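**Student:** One file is attached below, model.cif, containing mmCIF, C-alpha atoms.
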```cif
data_target
#
loop_
_atom_site.group_PDB
_atom_site.id
_atom_site.type_symbol
_atom_site.label_atom_id
_atom_site.label_comp_id
_atom_site.auth_asym_id
_atom_site.auth_seq_id
_atom_site.Cartn_x
_atom_site.Cartn_y
_atom_site.Cartn_z
ATOM 1 C CA MET A 1 -59.472 124.468 163.060
ATOM 2 C CA LYS A 2 -58.917 122.712 159.752
ATOM 3 C CA VAL A 3 -56.877 124.466 157.083
ATOM 4 C CA ALA A 4 -56.387 123.258 153.504
ATOM 5 C CA PHE A 5 -53.309 123.915 151.377
ATOM 6 C CA THR A 6 -52.954 123.646 147.587
ATOM 7 C CA THR A 7 -49.621 121.868 147.384
ATOM 8 C CA SER A 8 -48.197 119.214 145.109
ATOM 9 C CA THR A 9 -45.720 117.913 147.700
ATOM 10 C CA GLY A 10 -47.237 118.782 151.072
ATOM 11 C CA GLU A 11 -44.326 121.092 151.778
ATOM 12 C CA ILE A 12 -44.776 124.140 149.535
ATOM 13 C CA ILE A 13 -47.951 126.038 148.602
ATOM 14 C CA ASP A 14 -47.446 125.850 144.845
ATOM 15 C CA GLN A 15 -50.806 125.216 143.215
ATOM 16 C CA HIS A 16 -53.663 127.296 141.773
ATOM 17 C CA PHE A 17 -56.975 126.559 143.517
ATOM 18 C CA GLY A 18 -58.833 125.777 140.293
ATOM 19 C CA GLN A 19 -56.116 123.504 138.926
ATOM 20 C CA CYS A 20 -54.929 121.548 141.957
ATOM 21 C CA HIS A 21 -55.447 117.791 142.083
ATOM 22 C CA SER A 22 -55.327 117.504 145.887
ATOM 23 C CA PHE A 23 -55.479 119.422 149.144
ATOM 24 C CA HIS A 24 -53.311 118.796 152.182
ATOM 25 C CA VAL A 25 -55.438 119.385 155.277
ATOM 26 C CA TRP A 26 -54.002 120.372 158.648
ATOM 27 C CA GLU A 27 -55.606 120.704 162.068
ATOM 28 C CA ILE A 28 -54.161 123.858 163.613
ATOM 29 C CA ALA A 29 -54.475 125.259 167.140
ATOM 30 C CA PRO A 30 -52.340 127.831 168.972
ATOM 31 C CA ASP A 31 -50.031 125.193 170.451
ATOM 32 C CA GLN A 32 -50.559 122.158 168.229
ATOM 33 C CA ALA A 33 -50.594 121.483 164.494
ATOM 34 C CA GLU A 34 -50.670 118.302 162.502
ATOM 35 C CA ALA A 35 -51.309 117.175 158.962
ATOM 36 C CA VAL A 36 -54.499 115.118 159.103
ATOM 37 C CA ALA A 37 -55.427 114.264 155.502
ATOM 38 C CA VAL A 38 -54.628 114.479 151.843
ATOM 39 C CA VAL A 39 -57.765 114.866 149.767
ATOM 40 C CA SER A 40 -57.022 113.757 146.225
ATOM 41 C CA GLY A 41 -58.819 112.620 143.121
ATOM 42 C CA ILE A 42 -60.266 116.052 142.450
ATOM 43 C CA THR A 43 -61.137 116.317 138.795
ATOM 44 C CA ALA A 44 -59.877 118.995 136.449
ATOM 45 C CA GLU A 45 -62.638 117.993 134.033
ATOM 46 C CA GLY A 46 -65.877 119.821 133.362
ATOM 47 C CA ASP A 47 -66.606 123.498 133.290
ATOM 48 C CA GLU A 48 -65.258 126.055 135.733
ATOM 49 C CA GLU A 49 -68.402 125.935 137.884
ATOM 50 C CA ASP A 50 -68.079 122.157 138.337
ATOM 51 C CA ARG A 51 -64.362 122.387 139.200
ATOM 52 C CA ILE A 52 -64.973 125.103 141.786
ATOM 53 C CA SER A 53 -67.904 123.250 143.340
ATOM 54 C CA SER A 54 -66.069 119.934 143.578
ATOM 55 C CA ARG A 55 -63.066 121.573 145.245
ATOM 56 C CA ALA A 56 -65.212 123.554 147.665
ATOM 57 C CA GLU A 57 -67.126 120.406 148.580
ATOM 58 C CA VAL A 58 -64.043 118.368 149.512
ATOM 59 C CA ILE A 59 -62.753 121.105 151.847
ATOM 60 C CA ALA A 60 -66.170 122.067 153.242
ATOM 61 C CA ASP A 61 -65.058 121.387 156.830
ATOM 62 C CA CYS A 62 -62.008 123.662 156.501
ATOM 63 C CA ALA A 63 -62.077 127.228 157.809
ATOM 64 C CA ILE A 64 -59.266 128.491 155.551
ATOM 65 C CA VAL A 65 -57.642 127.444 152.287
ATOM 66 C CA TYR A 66 -54.155 128.696 151.434
ATOM 67 C CA THR A 67 -53.450 128.740 147.718
ATOM 68 C CA MET A 68 -50.916 130.332 145.413
ATOM 69 C CA GLN A 69 -53.631 131.747 143.142
ATOM 70 C CA ILE A 70 -57.435 131.813 143.050
ATOM 71 C CA GLY A 71 -59.884 133.537 140.749
ATOM 72 C CA GLY A 72 -62.573 135.920 141.923
ATOM 73 C CA PRO A 73 -65.556 133.611 141.252
ATOM 74 C CA ALA A 74 -63.879 130.726 143.120
ATOM 75 C CA ALA A 75 -62.990 132.967 146.066
ATOM 76 C CA ALA A 76 -66.574 134.232 146.246
ATOM 77 C CA LYS A 77 -67.942 130.679 146.271
ATOM 78 C CA LEU A 78 -65.594 129.720 149.092
ATOM 79 C CA VAL A 79 -66.559 132.766 151.151
ATOM 80 C CA ALA A 80 -70.237 131.877 150.630
ATOM 81 C CA ARG A 81 -69.427 128.459 152.160
ATOM 82 C CA LYS A 82 -67.636 130.111 155.100
ATOM 83 C CA ILE A 83 -64.189 129.054 153.835
ATOM 84 C CA HIS A 84 -61.706 131.923 153.903
ATOM 85 C CA PRO A 85 -59.368 131.903 150.859
ATOM 86 C CA MET A 86 -55.810 133.143 151.459
ATOM 87 C CA LYS A 87 -53.733 133.816 148.336
ATOM 88 C CA THR A 88 -49.935 133.689 148.674
ATOM 89 C CA ASN A 89 -49.046 134.841 145.092
ATOM 90 C CA THR A 90 -45.693 133.027 145.410
ATOM 91 C CA GLU A 91 -44.503 129.627 146.560
ATOM 92 C CA VAL A 92 -44.452 129.552 150.365
ATOM 93 C CA PRO A 93 -43.504 126.672 152.717
ATOM 94 C CA VAL A 94 -46.546 125.141 154.435
ATOM 95 C CA ALA A 95 -44.599 124.965 157.723
ATOM 96 C CA GLU A 96 -43.958 128.714 157.589
ATOM 97 C CA VAL A 97 -47.663 129.478 157.120
ATOM 98 C CA VAL A 98 -48.633 127.062 159.903
ATOM 99 C CA ALA A 99 -46.153 128.714 162.313
ATOM 100 C CA LYS A 100 -47.368 132.223 161.459
ATOM 101 C CA LEU A 101 -50.995 131.171 161.834
ATOM 102 C CA GLN A 102 -50.271 129.615 165.223
ATOM 103 C CA GLU A 103 -48.559 132.830 166.358
ATOM 104 C CA VAL A 104 -51.607 134.885 165.360
ATOM 105 C CA LEU A 105 -53.871 132.416 167.180
ATOM 106 C CA ARG A 106 -51.743 132.687 170.344
ATOM 107 C CA VAL A 107 -51.493 136.475 170.389
ATOM 108 C CA SER A 108 -54.737 138.037 169.241
ATOM 109 C CA PRO A 109 -56.679 136.572 166.337
ATOM 110 C CA PRO A 110 -58.638 139.117 164.286
ATOM 111 C CA PRO A 111 -62.443 138.802 164.392
ATOM 112 C CA TRP A 112 -62.678 136.898 161.084
ATOM 113 C CA LEU A 113 -60.181 134.336 162.351
ATOM 114 C CA ARG A 114 -61.939 133.899 165.708
ATOM 115 C CA LYS A 115 -65.126 133.179 163.759
ATOM 116 C CA ALA A 116 -63.284 130.755 161.453
ATOM 117 C CA MET A 117 -61.882 128.919 164.482
ATOM 118 C CA GLN A 118 -65.440 128.030 165.510
ATOM 119 C CA LYS A 119 -66.191 126.321 162.178
ATOM 120 C CA GLY A 120 -66.456 122.578 162.327
ATOM 121 C CA SER A 121 -65.446 122.225 165.964
ATOM 122 C CA GLY A 122 -66.321 118.647 166.670
ATOM 123 C CA GLY A 123 -64.100 115.915 168.008
ATOM 124 C CA SER A 124 -60.684 117.450 167.459
ATOM 125 C CA PHE A 125 -57.959 118.540 169.843
ATOM 126 C CA LEU A 126 -59.191 122.104 169.313
ATOM 127 C CA ASP A 127 -62.265 121.346 171.397
ATOM 128 C CA GLU A 128 -60.124 120.856 174.477
ATOM 129 C CA GLU A 129 -59.087 124.492 174.575
#
```
Let me see whether you can do it: turn the structure in this file into C-alpha cells.
**Tutor:**
Amino acid sequence: MKVAFTTSTGEIIDQHFGQCHSFHVWEIAPDQAEAVAVVSGITAEGDEEDRISSRAEVIADCAIVYTMQIGGPAAAKLVARKIHPMKTNTEVPVAEVVAKLQEVLRVSPPPWLRKAMQKGSGGSFLDEE
C-alpha cells in the first residue's frame, strides 16, 4: 500500500498537511518497504479549499497520510477520498512509523487498515502477497 508523509527532509514527519510543499511516498508491505516518490511543487497559494484539494489530488493513490498536524476540514476531505489521515502531533522519524506499520500489518491489521491495504493495488510488490 502507498503511504504519504509530510516531511521536509524525508526522514522526520515535521510538516502540517495544509502547509507542506511536498509528500514523500512509500510503498509498504508487511515484509518490504521502500520510498518510491517525492511529490513536490504543491502550491501554498489560493484559498484553503484549493490547497486541500491540490494536496489530496497528488496523494490520491495513497491509503494513508502521516502528518504532524491536520485541520478537521482537510481530514474530512481525505477520508471522503478514502485516504486515512494519521496525525503525529510531534516530530516522528519516518523509519519508526514505517517499522510500526509493518509490524501491525504482519500481526493483525485492524479492519480499517485491511481495507486501506486494498486501495490502489495495481502493479506493485504488494500484489504478490
**Student:** Check the smallest atom-to-atom distance from each of A:Arg81, A:Lys87, A:His24, A:His16 to Val3 of chain A using all atoms listed in the file, then report the winner.
**Tutor:**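 Answer, going by the shortest atom-to-atom distance: A:His24.
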**Student:** Can you work out the spacing between atom CA of Ser53 of chain A and atom CA of Thr6 of chain A in Å, to one decimal?
**Tutor:**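 Between atom CA of Ser53 of chain A and atom CA of Thr6 of chain A the gap works out to 15.5 Å.
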**Student:** Skipping near chain neighbours, those fewer than 5 positions away, what residues fall within 10 Å of Arg106 of chain A using all atoms listed in the file, listed as an MDAnalysis selection string?
**Tutor:** chainID A and resid 29:31 100:101
**Student:** Taking the file as I've supplied it (selection: the PyMOL selection byres ((chain A and resi 88) around 9)), which residues are included? Please answer as a compact mmCIF listing (two decimals) with C-alpha atoms, in the coordinates of the input.
**Tutor:**
```
# COMPACT_ATOMS: atom_id res chain seq x y z
CA ILE A 13 -47.95 126.04 148.60
CA TYR A 66 -54.16 128.70 151.43
CA THR A 67 -53.45 128.74 147.72
CA MET A 68 -50.92 130.33 145.41
CA GLN A 69 -53.63 131.75 143.14
CA MET A 86 -55.81 133.14 151.46
CA LYS A 87 -53.73 133.82 148.34
CA ASN A 89 -49.05 134.84 145.09
CA THR A 90 -45.69 133.03 145.41
CA GLU A 91 -44.50 129.63 146.56
CA VAL A 92 -44.45 129.55 150.36
```
**Student:** Hey, which of A:Met117, A:Gln15, A:Ala76, A:Trp26 ends up closest to Leu105 of chain A? Count only C-alpha atoms.
**Tutor:**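 So, comparing all the options, the nearest one is A:Met117.
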**Student:** For Lys77 of chain A, find every residue with an atom within 9 Å (counting all atoms listed in the file), except residues of its own chain fewer than 6 positions away, and show them as an MDAnalysis selection string.
**Tutor:** chainID A and resid 52:53 56 83
**Student:** Expand the PyMOL selection byres ((chain A and resi 18) around 9) into the individual residues it matches in the shown file, reporting them as a PyMOL selection string.
**Tutor:** chain A and resi 15-17+19-21+44+48+51-52+55+69-71+74
**Student:** Write the selection just made, keeping C-alpha atoms, as a short mmCIF file (atom, residue, chain, number, x, y, z; two decimals), in the coordinates of the input?
**Tutor:**
```
data_model
loop_
_atom_site.label_atom_id
_atom_site.label_comp_id
_atom_site.auth_asym_id
_atom_site.auth_seq_id
_atom_site.Cartn_x
_atom_site.Cartn_y
_atom_site.Cartn_z
CA GLN A 15 -50.81 125.22 143.22
CA HIS A 16 -53.66 127.30 141.77
CA PHE A 17 -56.98 126.56 143.52
CA GLN A 19 -56.12 123.50 138.93
CA CYS A 20 -54.93 121.55 141.96
CA HIS A 21 -55.45 117.79 142.08
CA ALA A 44 -59.88 119.00 136.45
CA GLU A 48 -65.26 126.06 135.73
CA ARG A 51 -64.36 122.39 139.20
CA ILE A 52 -64.97 125.10 141.79
CA ARG A 55 -63.07 121.57 145.24
CA GLN A 69 -53.63 131.75 143.14
CA ILE A 70 -57.44 131.81 143.05
CA GLY A 71 -59.88 133.54 140.75
CA ALA A 74 -63.88 130.73 143.12
#
```
**Student:** At most 10 Å from (-58.9, 122.7, 159.8), file frame, only C-alpha atoms: which residues, as number ranges by chain?
**Tutor:** A: 1-4, 25-29, 33-36, 59-65, 116-117, 119-121, 124, 126
**Student:** Rounded to one decimal, what separation in Å do you get between atom CA of Trp112 of chain A and atom CA of Asp50 of chain A?
**Tutor:**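 Atom CA of Asp50 of chain A lies 27.6 Å from atom CA of Trp112 of chain A.
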**Student:** Rounded to one decimal place, report the atom CA of Gln102 of chain A-atom CA of Val58 of chain A distance in Å.
**Tutor:**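 Atom CA of Gln102 of chain A sits 23.7 Å away from atom CA of Val58 of chain A.
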**Student:** Of the candidates A:Gln118, A:Thr7, A:Ser54, A:Ser22, which one gets nearest to Ala95 of chain A if we count only C-alpha atoms?
**Tutor:**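 Using only C-alpha atoms, Ala95 of chain A sits closest to A:Thr7.
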**Student:** Please enumerate the residues selected by the PyMOL selection byres ((chain A and resi 40) around 8) when evaluated against the supplied file, formatted as JSON, numbers by chain.
**Tutor:** {"A": [21, 22, 23, 38, 39, 41, 42]}
**Student:** Which one of A:Pro93, A:Lys82, A:Glu57, A:Ala99 sits closest to Ser8 of chain A if you count all atoms listed in the file?
**Tutor:**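 Among the listed residues, the smallest separation from Ser8 of chain A belongs to A:Pro93.
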